[in-house]
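Next up, protein_35.cif (mmCIF, C-alpha atoms):
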```cif
data_entry
#
loop_
_atom_site.label_atom_id
_atom_site.label_comp_id
_atom_site.auth_asym_id
_atom_site.auth_seq_id
_atom_site.Cartn_x
_atom_site.Cartn_y
_atom_site.Cartn_z
CA MET A 1 3.19 -4.35 32.03
CA SER A 2 5.13 -7.45 33.09
CA PRO A 3 8.94 -7.29 33.49
CA ALA A 4 9.28 -9.83 30.64
CA ARG A 5 7.30 -7.57 28.35
CA THR A 6 9.45 -4.59 29.32
CA ASP A 7 12.64 -6.57 28.61
CA HIS A 8 11.25 -7.67 25.27
CA ASP A 9 10.39 -4.08 24.32
CA ALA A 10 13.78 -2.81 25.47
CA ARG A 11 15.53 -5.46 23.39
CA ARG A 12 13.36 -4.68 20.40
CA HIS A 13 14.30 -1.02 20.76
CA ASP A 14 18.01 -2.00 20.87
CA VAL A 15 17.57 -4.05 17.68
CA SER A 16 15.85 -1.14 15.91
CA GLU A 17 18.61 1.25 16.95
CA ALA A 18 21.21 -1.20 15.60
CA VAL A 19 19.31 -1.55 12.30
CA TRP A 20 19.29 2.24 11.97
CA ARG A 21 23.03 2.56 12.72
CA VAL A 22 23.86 -0.09 10.09
CA LEU A 23 21.60 1.61 7.53
CA ALA A 24 23.02 5.07 8.17
CA GLU A 25 26.55 3.74 7.71
CA HIS A 26 26.24 0.98 5.10
CA GLY A 27 22.94 1.55 3.30
CA PHE A 28 20.56 -1.23 2.28
CA ALA A 29 23.34 -3.12 0.47
CA GLY A 30 25.14 -3.46 3.80
CA LEU A 31 22.05 -4.28 5.86
CA THR A 32 22.53 -7.91 6.87
CA LEU A 33 21.63 -9.95 9.95
CA ARG A 34 25.33 -10.25 10.68
CA ALA A 35 25.92 -6.49 10.44
CA VAL A 36 22.98 -5.77 12.78
CA ALA A 37 24.30 -8.34 15.27
CA GLY A 38 27.75 -6.72 15.04
CA ALA A 39 26.30 -3.26 15.71
CA MET A 40 24.63 -4.64 18.88
CA GLY A 41 27.62 -6.67 20.00
CA ALA A 42 25.27 -9.67 19.92
CA SER A 43 25.14 -12.99 18.11
CA THR A 44 23.52 -13.39 14.70
CA GLY A 45 21.28 -15.96 16.40
CA LEU A 46 19.75 -13.25 18.58
CA VAL A 47 18.93 -11.13 15.52
CA THR A 48 17.32 -14.05 13.67
CA HIS A 49 14.96 -14.19 16.64
CA TYR A 50 13.54 -10.88 15.33
CA PHE A 51 13.94 -11.22 11.55
CA GLY A 52 13.62 -14.35 9.44
CA GLY A 53 15.85 -12.90 6.71
CA LYS A 54 16.82 -9.91 4.61
CA ARG A 55 13.26 -9.21 3.45
CA GLU A 56 11.92 -8.81 7.02
CA LEU A 57 14.99 -6.75 7.89
CA VAL A 58 14.39 -4.38 4.97
CA ALA A 59 10.68 -4.07 5.84
CA HIS A 60 11.58 -3.17 9.43
CA ALA A 61 14.22 -0.70 8.20
CA LEU A 62 11.61 1.08 6.06
CA ASP A 63 9.24 1.24 9.05
CA ILE A 64 11.96 2.86 11.14
CA LEU A 65 12.70 5.29 8.29
CA GLU A 66 9.05 6.32 8.02
CA THR A 67 8.73 6.72 11.80
CA ARG A 68 11.94 8.74 12.06
CA THR A 69 10.86 10.93 9.15
CA GLN A 70 7.50 11.65 10.78
CA ARG A 71 9.10 12.40 14.14
CA ARG A 72 11.80 14.68 12.75
CA PRO A 73 11.58 18.09 14.35
CA ARG A 74 9.96 20.35 11.78
CA LEU A 75 9.78 24.07 11.31
CA LYS A 76 6.26 25.45 11.51
CA ALA A 77 5.11 27.59 8.62
CA PRO A 78 4.89 31.19 9.84
CA ALA A 79 2.15 31.98 7.30
CA PRO A 80 0.29 30.31 4.39
CA GLY A 81 1.40 30.69 0.76
CA LEU A 82 5.05 31.19 -0.14
CA ALA A 83 6.16 31.14 3.51
CA ALA A 84 4.56 27.70 3.91
CA LEU A 85 6.16 26.53 0.66
CA ARG A 86 9.59 27.64 1.93
CA THR A 87 8.98 25.75 5.20
CA HIS A 88 8.10 22.56 3.28
CA VAL A 89 11.36 22.80 1.33
CA LEU A 90 13.51 23.53 4.40
CA ASN A 91 11.88 20.63 6.27
CA ILE A 92 13.06 18.23 3.54
CA LEU A 93 16.64 19.53 3.19
CA PRO A 94 19.43 17.97 5.29
CA LEU A 95 20.00 20.98 7.58
CA THR A 96 20.75 18.90 10.72
CA PRO A 97 22.69 15.65 11.38
CA GLU A 98 19.38 13.83 11.85
CA GLY A 99 18.06 15.28 8.58
CA MET A 100 21.27 14.17 6.88
CA ALA A 101 20.89 10.60 8.19
CA THR A 102 17.20 10.37 7.29
CA ASN A 103 17.73 11.74 3.78
CA ARG A 104 20.65 9.43 3.24
CA VAL A 105 18.58 6.38 4.07
CA TRP A 106 15.74 7.60 1.81
CA VAL A 107 18.16 7.98 -1.11
CA CYS A 108 19.60 4.53 -0.36
CA SER A 109 16.08 3.05 -0.38
CA TRP A 110 15.57 4.02 -4.03
CA ASP A 111 17.65 1.04 -5.21
CA ILE A 112 15.24 -1.49 -3.71
CA ALA A 113 12.13 0.67 -4.23
CA LEU A 114 12.76 0.85 -8.01
CA SER A 115 12.79 -2.96 -8.25
CA ASP A 116 10.05 -3.99 -5.82
CA PRO A 117 6.49 -3.29 -7.07
CA VAL A 118 5.06 -2.74 -3.57
CA LEU A 119 7.84 -0.38 -2.49
CA PHE A 120 7.74 1.35 -5.88
CA ALA A 121 4.01 2.08 -5.50
CA ALA A 122 4.56 3.31 -1.93
CA GLN A 123 7.30 5.68 -3.07
CA THR A 124 5.22 6.93 -6.03
CA SER A 125 2.32 7.72 -3.66
CA ARG A 126 4.67 9.39 -1.22
CA TYR A 127 5.90 11.80 -3.93
CA GLU A 128 2.34 12.46 -5.08
CA ARG A 129 1.45 13.40 -1.50
CA ILE A 130 4.44 15.72 -1.18
CA ARG A 131 3.67 17.38 -4.55
CA ALA A 132 0.03 17.81 -3.45
CA ASP A 133 1.19 19.52 -0.23
CA LEU A 134 3.49 21.81 -2.21
CA ARG A 135 0.69 22.54 -4.65
CA ALA A 136 -1.69 23.50 -1.84
CA ALA A 137 0.85 26.09 -0.64
CA ILE A 138 1.30 27.33 -4.23
CA ASP A 139 -2.47 27.67 -4.68
CA ASP A 140 -2.65 29.66 -1.45
CA ALA A 141 0.20 31.87 -2.66
CA ARG A 142 -1.66 32.54 -5.90
CA ARG A 143 -4.86 33.41 -4.03
CA LEU A 144 -2.85 35.72 -1.78
CA GLY A 145 -1.44 37.49 -4.84
CA GLU A 146 2.14 36.45 -4.00
CA LEU A 147 2.98 34.87 -7.37
CA VAL A 148 4.42 36.70 -10.36
CA THR A 149 4.62 33.52 -12.45
CA GLY A 150 1.59 32.36 -14.41
CA ALA A 151 2.90 28.79 -14.75
CA ASP A 152 0.75 25.77 -13.98
CA ALA A 153 0.63 24.93 -10.25
CA ASP A 154 1.25 21.18 -10.78
CA ASP A 155 4.33 22.01 -12.84
CA LEU A 156 5.56 24.42 -10.17
CA ALA A 157 5.06 21.76 -7.47
CA ALA A 158 6.96 19.16 -9.52
CA THR A 159 9.78 21.63 -10.17
CA THR A 160 10.00 22.52 -6.47
CA LEU A 161 10.23 18.87 -5.40
CA SER A 162 12.76 18.17 -8.17
CA PHE A 163 15.00 21.01 -7.01
CA THR A 164 14.69 19.92 -3.37
CA HIS A 165 15.39 16.21 -3.87
CA GLY A 166 18.23 16.88 -6.31
CA LEU A 167 19.78 19.27 -3.79
CA VAL A 168 19.52 16.55 -1.13
CA VAL A 169 21.55 14.22 -3.37
CA GLN A 170 24.18 16.90 -4.14
CA ALA A 171 24.53 17.62 -0.40
CA LEU A 172 24.84 13.95 0.55
CA PHE A 173 27.76 13.51 -1.85
CA ALA A 174 29.45 16.80 -0.89
CA PRO A 175 28.38 17.87 2.62
CA GLU A 176 31.24 20.36 2.94
CA THR A 177 30.32 22.05 -0.34
CA PHE A 178 26.69 22.28 0.77
CA PRO A 179 26.60 23.33 4.45
CA PRO A 180 23.19 24.25 5.92
CA ALA A 181 23.63 28.00 5.28
CA ARG A 182 24.28 27.41 1.57
CA LEU A 183 21.36 24.97 1.28
CA THR A 184 19.06 27.60 2.78
CA ARG A 185 20.39 30.31 0.46
CA LEU A 186 20.02 28.08 -2.61
CA ALA A 187 16.45 27.27 -1.58
CA ASP A 188 15.62 30.95 -1.08
CA ASP A 189 17.14 31.91 -4.44
CA PHE A 190 15.32 29.05 -6.17
CA LEU A 191 11.98 30.03 -4.64
CA ALA A 192 12.50 33.70 -5.48
CA ALA A 193 13.38 32.92 -9.12
CA THR A 194 10.68 30.31 -9.65
CA PHE A 195 7.79 32.10 -7.99
CA GLY A 196 8.52 35.48 -9.40
CA GLY A 197 10.51 37.20 -6.71
CA SER A 198 13.73 37.43 -8.69
CA CYS A 199 12.46 39.80 -11.30
CA PRO A 200 13.95 43.25 -10.90
CA GLY A 201 11.56 45.48 -9.01
CA SER A 202 9.15 42.68 -8.05
CA ALA A 203 11.06 41.17 -5.16
CA PRO A 204 11.00 43.02 -1.86
CA GLY A 205 13.74 41.47 0.24
CA HIS A 206 15.51 39.75 -2.61
CA GLU A 207 18.29 41.52 -4.42
CA PRO A 208 20.37 39.71 -7.03
CA ARG A 209 23.72 39.04 -5.36
CA SER A 210 26.89 40.05 -7.08
CA GLY A 211 29.19 37.24 -8.18
CA GLN A 212 31.16 35.72 -5.30
CA MET B 1 42.50 -12.97 -33.53
CA SER B 2 42.17 -16.67 -32.74
CA PRO B 3 38.73 -18.34 -32.73
CA ALA B 4 39.17 -19.06 -28.99
CA ARG B 5 39.77 -15.36 -28.35
CA THR B 6 36.69 -14.43 -30.38
CA ASP B 7 34.55 -16.92 -28.44
CA HIS B 8 35.87 -15.56 -25.18
CA ASP B 9 35.05 -11.99 -26.20
CA ALA B 10 31.60 -12.98 -27.40
CA ARG B 11 30.89 -14.76 -24.14
CA ARG B 12 32.17 -11.79 -22.16
CA HIS B 13 29.81 -9.56 -24.13
CA ASP B 14 26.92 -11.91 -23.31
CA VAL B 15 27.80 -11.77 -19.63
CA SER B 16 27.91 -7.94 -19.69
CA GLU B 17 24.53 -7.79 -21.41
CA ALA B 18 23.09 -10.12 -18.77
CA VAL B 19 24.55 -7.98 -15.95
CA TRP B 20 22.91 -4.91 -17.50
CA ARG B 21 19.52 -6.61 -17.85
CA VAL B 22 19.59 -7.74 -14.20
CA LEU B 23 20.60 -4.23 -13.07
CA ALA B 24 17.93 -2.49 -15.11
CA GLU B 25 15.26 -4.79 -13.68
CA HIS B 26 16.42 -5.51 -10.12
CA GLY B 27 18.95 -2.83 -9.20
CA PHE B 28 22.12 -3.45 -7.26
CA ALA B 29 20.22 -5.21 -4.45
CA GLY B 30 19.15 -7.85 -6.99
CA LEU B 31 22.51 -8.15 -8.74
CA THR B 32 23.74 -11.62 -7.80
CA LEU B 33 25.77 -14.27 -9.60
CA ARG B 34 22.65 -16.44 -9.65
CA ALA B 35 20.50 -13.69 -11.20
CA VAL B 36 23.10 -13.03 -13.92
CA ALA B 37 23.29 -16.75 -14.69
CA GLY B 38 19.49 -16.87 -14.87
CA ALA B 39 19.39 -13.92 -17.29
CA MET B 40 21.83 -15.79 -19.56
CA GLY B 41 20.15 -19.16 -19.21
CA ALA B 42 23.53 -20.41 -17.98
CA SER B 43 24.83 -22.03 -14.82
CA THR B 44 26.07 -20.02 -11.85
CA GLY B 45 29.37 -21.86 -12.37
CA LEU B 46 29.85 -20.17 -15.74
CA VAL B 47 29.32 -16.72 -14.20
CA THR B 48 31.79 -17.39 -11.37
CA HIS B 49 34.34 -17.94 -14.15
CA TYR B 50 34.06 -14.16 -14.77
CA PHE B 51 33.40 -12.77 -11.29
CA GLY B 52 34.78 -14.00 -7.98
CA GLY B 53 31.86 -12.52 -6.06
CA LYS B 54 29.46 -9.65 -5.53
CA ARG B 55 32.22 -7.03 -5.27
CA GLU B 56 33.66 -7.86 -8.73
CA LEU B 57 30.15 -8.03 -10.12
CA VAL B 58 29.34 -4.55 -8.79
CA ALA B 59 32.63 -3.15 -10.13
CA HIS B 60 31.85 -4.56 -13.57
CA ALA B 61 28.30 -3.21 -13.39
CA LEU B 62 29.63 0.29 -12.69
CA ASP B 63 32.03 0.00 -15.63
CA ILE B 64 29.14 -0.91 -17.92
CA LEU B 65 27.12 2.00 -16.52
CA GLU B 66 29.92 4.48 -17.19
CA THR B 67 30.46 3.11 -20.73
CA ARG B 68 26.76 3.18 -21.54
CA THR B 69 26.46 6.71 -20.19
CA GLN B 70 29.36 7.91 -22.33
CA ARG B 71 27.98 6.20 -25.43
CA ARG B 72 24.42 7.48 -24.98
CA PRO B 73 23.37 9.43 -28.04
CA ARG B 74 23.54 13.10 -27.09
CA LEU B 75 22.07 16.25 -28.48
CA LYS B 76 24.67 18.71 -29.71
CA ALA B 77 24.48 22.23 -28.36
CA PRO B 78 23.27 24.52 -31.18
CA ALA B 79 25.10 27.50 -29.65
CA PRO B 80 27.12 28.41 -26.54
CA GLY B 81 25.57 29.95 -23.43
CA LEU B 82 21.96 29.22 -22.47
CA ALA B 83 21.41 26.96 -25.51
CA ALA B 84 24.36 24.80 -24.39
CA LEU B 85 23.05 24.77 -20.82
CA ARG B 86 19.66 23.57 -22.06
CA THR B 87 21.37 20.81 -24.07
CA HIS B 88 23.29 19.66 -20.97
CA VAL B 89 20.04 19.38 -19.01
CA LEU B 90 18.16 17.56 -21.79
CA ASN B 91 21.08 15.13 -22.22
CA ILE B 92 20.72 14.09 -18.57
CA LEU B 93 16.92 13.73 -18.45
CA PRO B 94 15.31 10.33 -19.22
CA LEU B 95 13.80 11.30 -22.59
CA THR B 96 14.37 7.89 -24.23
CA PRO B 97 14.08 4.26 -23.01
CA GLU B 98 17.90 4.03 -22.96
CA GLY B 99 18.08 7.28 -20.97
CA MET B 100 15.47 5.88 -18.57
CA ALA B 101 17.49 2.67 -18.04
CA THR B 102 20.80 4.49 -17.57
CA ASN B 103 19.33 6.99 -15.12
CA ARG B 104 17.63 4.25 -13.21
CA VAL B 105 20.89 2.38 -12.69
CA TRP B 106 22.65 5.62 -11.65
CA VAL B 107 19.98 6.27 -9.01
CA CYS B 108 20.24 2.65 -7.85
CA SER B 109 24.03 3.02 -7.53
CA TRP B 110 23.65 5.75 -4.88
CA ASP B 111 22.93 3.13 -2.18
CA ILE B 112 26.34 1.49 -2.56
CA ALA B 113 28.14 4.73 -3.49
CA LEU B 114 27.07 6.40 -0.22
CA SER B 115 28.64 3.57 1.81
CA ASP B 116 31.83 2.79 -0.11
CA PRO B 117 34.57 5.44 0.24
CA VAL B 118 36.03 4.81 -3.25
CA LEU B 119 32.65 4.92 -5.00
CA PHE B 120 31.61 7.91 -2.88
CA ALA B 121 34.68 9.87 -4.00
CA ALA B 122 34.08 8.87 -7.63
CA GLN B 123 30.48 10.07 -7.46
CA THR B 124 31.47 13.32 -5.72
CA SER B 125 34.01 14.04 -8.50
CA ARG B 126 31.46 13.16 -11.15
CA TYR B 127 29.02 15.76 -9.80
CA GLU B 128 31.81 18.35 -9.51
CA ARG B 129 32.62 17.75 -13.20
CA ILE B 130 28.99 18.10 -14.23
CA ARG B 131 28.59 21.30 -12.19
CA ALA B 132 31.79 22.66 -13.77
CA ASP B 133 30.38 21.94 -17.26
CA LEU B 134 27.12 23.67 -16.37
CA ARG B 135 29.04 26.59 -14.90
CA ALA B 136 31.09 26.99 -18.10
CA ALA B 137 27.86 27.33 -20.08
CA ILE B 138 26.50 29.80 -17.50
CA ASP B 139 29.71 31.88 -17.69
CA ASP B 140 29.37 31.94 -21.49
CA ALA B 141 25.74 33.01 -21.16
CA ARG B 142 26.76 35.86 -18.86
CA ARG B 143 29.48 37.00 -21.28
CA LEU B 144 26.94 36.85 -24.10
CA GLY B 145 24.57 39.08 -22.14
CA GLU B 146 21.92 36.35 -21.96
CA LEU B 147 21.44 36.40 -18.16
CA VAL B 148 19.03 38.62 -16.27
CA THR B 149 19.94 37.10 -12.89
CA GLY B 150 22.93 38.43 -10.99
CA ALA B 151 23.25 35.29 -8.85
CA ASP B 152 26.56 33.50 -8.32
CA ALA B 153 27.44 31.13 -11.19
CA ASP B 154 28.42 28.24 -8.85
CA ASP B 155 25.06 28.56 -7.11
CA LEU B 156 23.25 28.60 -10.45
CA ALA B 157 25.14 25.47 -11.60
CA ALA B 158 24.30 23.65 -8.33
CA THR B 159 20.64 24.67 -8.62
CA THR B 160 20.49 23.49 -12.24
CA LEU B 161 21.97 20.07 -11.41
CA SER B 162 19.68 19.79 -8.37
CA PHE B 163 16.59 20.45 -10.47
CA THR B 164 17.76 18.01 -13.16
CA HIS B 165 18.64 15.10 -10.86
CA GLY B 166 15.53 15.57 -8.75
CA LEU B 167 13.41 15.54 -11.90
CA VAL B 168 15.10 12.28 -12.94
CA VAL B 169 14.01 10.72 -9.65
CA GLN B 170 10.42 12.02 -9.96
CA ALA B 171 10.24 10.63 -13.51
CA LEU B 172 11.64 7.22 -12.55
CA PHE B 173 8.92 6.79 -9.92
CA ALA B 174 6.11 8.14 -12.13
CA PRO B 175 7.03 7.74 -15.83
CA GLU B 176 3.42 8.28 -16.96
CA THR B 177 3.17 11.53 -15.01
CA PHE B 178 6.45 12.73 -16.52
CA PRO B 179 6.52 11.81 -20.22
CA PRO B 180 9.36 13.28 -22.34
CA ALA B 181 7.28 16.26 -23.53
CA ARG B 182 6.51 17.31 -19.95
CA LEU B 183 10.15 16.82 -18.86
CA THR B 184 11.26 19.11 -21.68
CA ARG B 185 8.65 21.73 -20.81
CA LEU B 186 9.58 21.64 -17.11
CA ALA B 187 13.25 22.05 -18.05
CA ASP B 188 12.48 25.01 -20.33
CA ASP B 189 10.32 26.69 -17.69
CA PHE B 190 12.98 26.09 -15.02
CA LEU B 191 15.73 27.55 -17.21
CA ALA B 192 13.59 30.54 -18.17
CA ALA B 193 12.72 31.31 -14.53
CA THR B 194 16.20 30.70 -13.12
CA PHE B 195 18.21 32.53 -15.74
CA GLY B 196 15.98 35.52 -16.01
CA GLY B 197 13.64 34.71 -18.85
CA SER B 198 10.50 34.52 -16.75
CA CYS B 199 10.43 38.15 -15.72
CA PRO B 200 7.65 40.04 -17.48
CA GLY B 201 9.09 42.00 -20.36
CA SER B 202 12.54 40.45 -20.10
CA ALA B 203 11.89 37.17 -21.83
CA PRO B 204 11.49 37.16 -25.57
CA GLY B 205 10.02 33.80 -26.48
CA HIS B 206 8.80 32.93 -22.99
CA GLU B 207 5.31 33.92 -21.97
CA PRO B 208 3.91 32.79 -18.64
CA ARG B 209 1.39 30.07 -19.47
CA SER B 210 -2.09 30.30 -18.06
CA GLY B 211 -3.08 27.69 -15.47
CA GLN B 212 -3.92 24.32 -17.01
#
```

Would you mind giving the structure from this file in structure tokens?
Amino acid sequence: MSPARTDHDARRHDVSEAVWRVLAEHGFAGLTLRAVAGAMGASTGLVTHYFGGKRELVAHALDILETRTQRRPRLKAPAPGLAALRTHVLNILPLTPEGMATNRVWVCSWDIALSDPVLFAAQTSRYERIRADLRAAIDDARRLGELVTGADADDLAATTLSFTHGLVVQALFAPETFPPARLTRLADDFLAATFGGSCPGSAPGHEPRSGQ
Amino acid sequence: MSPARTDHDARRHDVSEAVWRVLAEHGFAGLTLRAVAGAMGASTGLVTHYFGGKRELVAHALDILETRTQRRPRLKAPAPGLAALRTHVLNILPLTPEGMATNRVWVCSWDIALSDPVLFAAQTSRYERIRADLRAAIDDARRLGELVTGADADDLAATTLSFTHGLVVQALFAPETFPPARLTRLADDFLAATFGGSCPGSAPGHEPRSGQ
């Protein structure tokens, strides 16, 4: 690899890091060529070398978001069925600073995704994929005899993703009210109640807690 | 009221309607003076008569959103306790076109609210108020002997709002997958499972449904 190529790649990496910092602090509304230049301590001219305008900047931001989401450290499911379902949920929740930043940018992306047909379709497919993954774990749980509930598996998957994404939003707007330990407890209580574990006598390891 | 005053008010109403139409179609990212002028078939100059710039436009948009949310037709709770809790949830879900539009603009507002300290604090308070309302219904339900679960009421309120807001987001990105009848069924199943109704033998009126 030539030195020029290495420099180019290093600079590109710096630009991507600056885009991410701007996004994490100011969302898509605050993502401008000028803000990215400011975050790099560079001129706007340098940034226009990489992006023709806001549209290219947003496209690059979404690429970074997808890459960061894929590379996020994830818990491995200890077993199939309900244990795998719990792992899916915990891997989405903002339990670490990086998870907080990634979730925040996803929530911010909904404004543009709801108005742009291509981004809308991408987001719709993304949620279908996540619900399908959740459903696969629910089907395994049913086969393994872990479920008390007789409810439809697609409904259960939709409910699980709803709870998880809504909890992400609550936590983003009140991180001190929803520290990681509480998020984990809420997820465990939700899973126990929804998949049958909360019924008296049916839930080894889950006792209803007294009011706190 | 003088004719001039009436004209001014009428024009102001037209501008607000145009702001709402732009928001509902293009979100906050697409909310510009030019887009509002276009939606009115007027010149950008006319719109700048009402708003100095994007910041004033966004502030006005949030005012409209709050007003529309307050004026949304709402179901009245038929009884306190779990019935009131169910009514709260149904009043948030996008069960009508107006509810769809209002929810969509709320979700779009998260991008700017997460980055602006004043809007962030307003949104945080808003969710605290909603959780407090849900908690009041949950406390009533406990007093009325309607709850099987012994879980903490604040946790139950947070879980209920999480489920509800997450379901809003799922429905916005897949309205055909989540028609009003399915949203209502998912809400009823969630409430039954979370508040104790899904346990075999403990839930008059709720039978686990067979897989569909």

Surrounding residues of range 16-31 of chain B excluding itself and chain neighbours under 4 positions, 9 Å, all atoms listed in the file, as an MDAnalysis selection string: (chainID A and resid 28:29 111:112 114:116) or (chainID B and resid 11:12 35:40 54 57:58 60:61 64:65 101:102 104:105 108:109 111:112)

Each chain B residue no farther than 8 Å from chain A, nearest pair in Å, all atoms listed in the file, as CSV:
```
residue,atom,partner,partner_atom,distance
B:Glu25,CA,A:Ser115,CA,6.2
B:His26,CA,A:Ser115,CA,4.8
B:Gly27,CA,A:Asp111,CA,5.7
B:Phe28,CA,A:Asp111,CA,6.7
B:Ala29,CA,A:Ala29,CA,6.2
B:Arg104,CA,A:Leu114,CA,7.9
B:Val107,CA,A:Asp111,CA,6.9
B:Cys108,CA,A:Asp111,CA,4.0
B:Ser109,CA,A:Asp111,CA,7.1
B:Trp110,CA,A:Cys108,CA,6.2
B:Asp111,CA,A:Cys108,CA,4.0
B:Ile112,CA,A:Ala29,CA,6.3
B:Leu114,CA,A:Gly27,CA,7.3
B:Ser115,CA,A:His26,CA,4.8
B:Asp116,CA,A:His26,CA,7.9
B:Phe120,CA,A:Phe173,CA,6.9
B:Gln123,CA,A:Phe173,CA,7.1
B:Thr124,CA,A:Phe173,CA,5.4
B:Tyr127,CA,A:Gln170,CA,7.5
B:Thr149,CA,A:Pro208,CA,6.4
B:Gly150,CA,A:Pro208,CA,4.9
B:Ala151,CA,A:Arg209,CA,5.1
B:Asp152,CA,A:Gly211,CA,4.6
B:Ala153,CA,A:Gly211,CA,7.0
B:Asp155,CA,A:Leu186,CA,6.8
B:Ala158,CA,A:Leu167,CA,7.8
B:Thr159,CA,A:Phe163,CA,6.9
B:Thr160,CA,A:Phe163,CA,8.0
B:Leu161,CA,A:Gly166,CA,7.1
B:Ser162,CA,A:Gly166,CA,3.8
B:Phe163,CA,A:Phe163,CA,3.8
B:Thr164,CA,A:Gly166,CA,7.0
B:His165,CA,A:Gly166,CA,4.9
B:Gly166,CA,A:Ser162,CA,3.8
B:Leu167,CA,A:Ser162,CA,4.6
B:Val168,CA,A:Ser162,CA,7.9
B:Val169,CA,A:Ser162,CA,7.7
B:Gln170,CA,A:Ser162,CA,6.8
B:Leu172,CA,A:Leu114,CA,7.9
B:Phe173,CA,A:Thr124,CA,5.4
B:Ala174,CA,A:Thr124,CA,6.3
B:Leu186,CA,A:Asp155,CA,6.8
B:Phe190,CA,A:Thr194,CA,7.2
B:Ala193,CA,A:Thr194,CA,5.4
B:Thr194,CA,A:Ala193,CA,5.4
B:Gly196,CA,A:Cys199,CA,7.3
B:Ser198,CA,A:Thr149,CA,7.4
B:Cys199,CA,A:Cys199,CA,5.1
B:Pro200,CA,A:Cys199,CA,7.8
B:Pro208,CA,A:Gly150,CA,4.8
B:Arg209,CA,A:Ala151,CA,5.1
B:Ser210,CA,A:Gly150,CA,5.6
B:Gly211,CA,A:Asp152,CA,4.5
B:Gln212,CA,A:Asp152,CA,5.8
```

Which of A:Gly99, A:Arg55, A:Ser43, A:His49 sits closest to Gln70 in chain A [using only C-alpha atoms]: A:Gly99

Nearest candidate to Leu90 in chain B (options B:Asn103, B:Arg74, B:Leu119, B:Thr44; using only C-alpha atoms):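 The closest residue to Leu90 in chain B is B:Arg74.
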
Distance of CA of Ala83 in chain A from CA of Arg135 in chain A, expressed in Å to one decimal place: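 If I compute the distance from CA of Arg135 in chain A to CA of Ala83 in chain A, I get 13.1 Å.
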
Two-atom distance - CA of Phe51 in chain B, CA of Arg34 in chain A (Å):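 Rounded to one decimal, the two atoms are 23.5 Å apart.
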
Distance query Ala79 in chain A at most 12 Å, all atoms listed in the file, self and fewer than 4 positions along chain excluded, as a list in words: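 Selected residues are Leu75, Ala83, Ala84, Leu85, Arg86, Thr87, His88, Ala137, Asp140, Ala141 and Leu144 of chain A.
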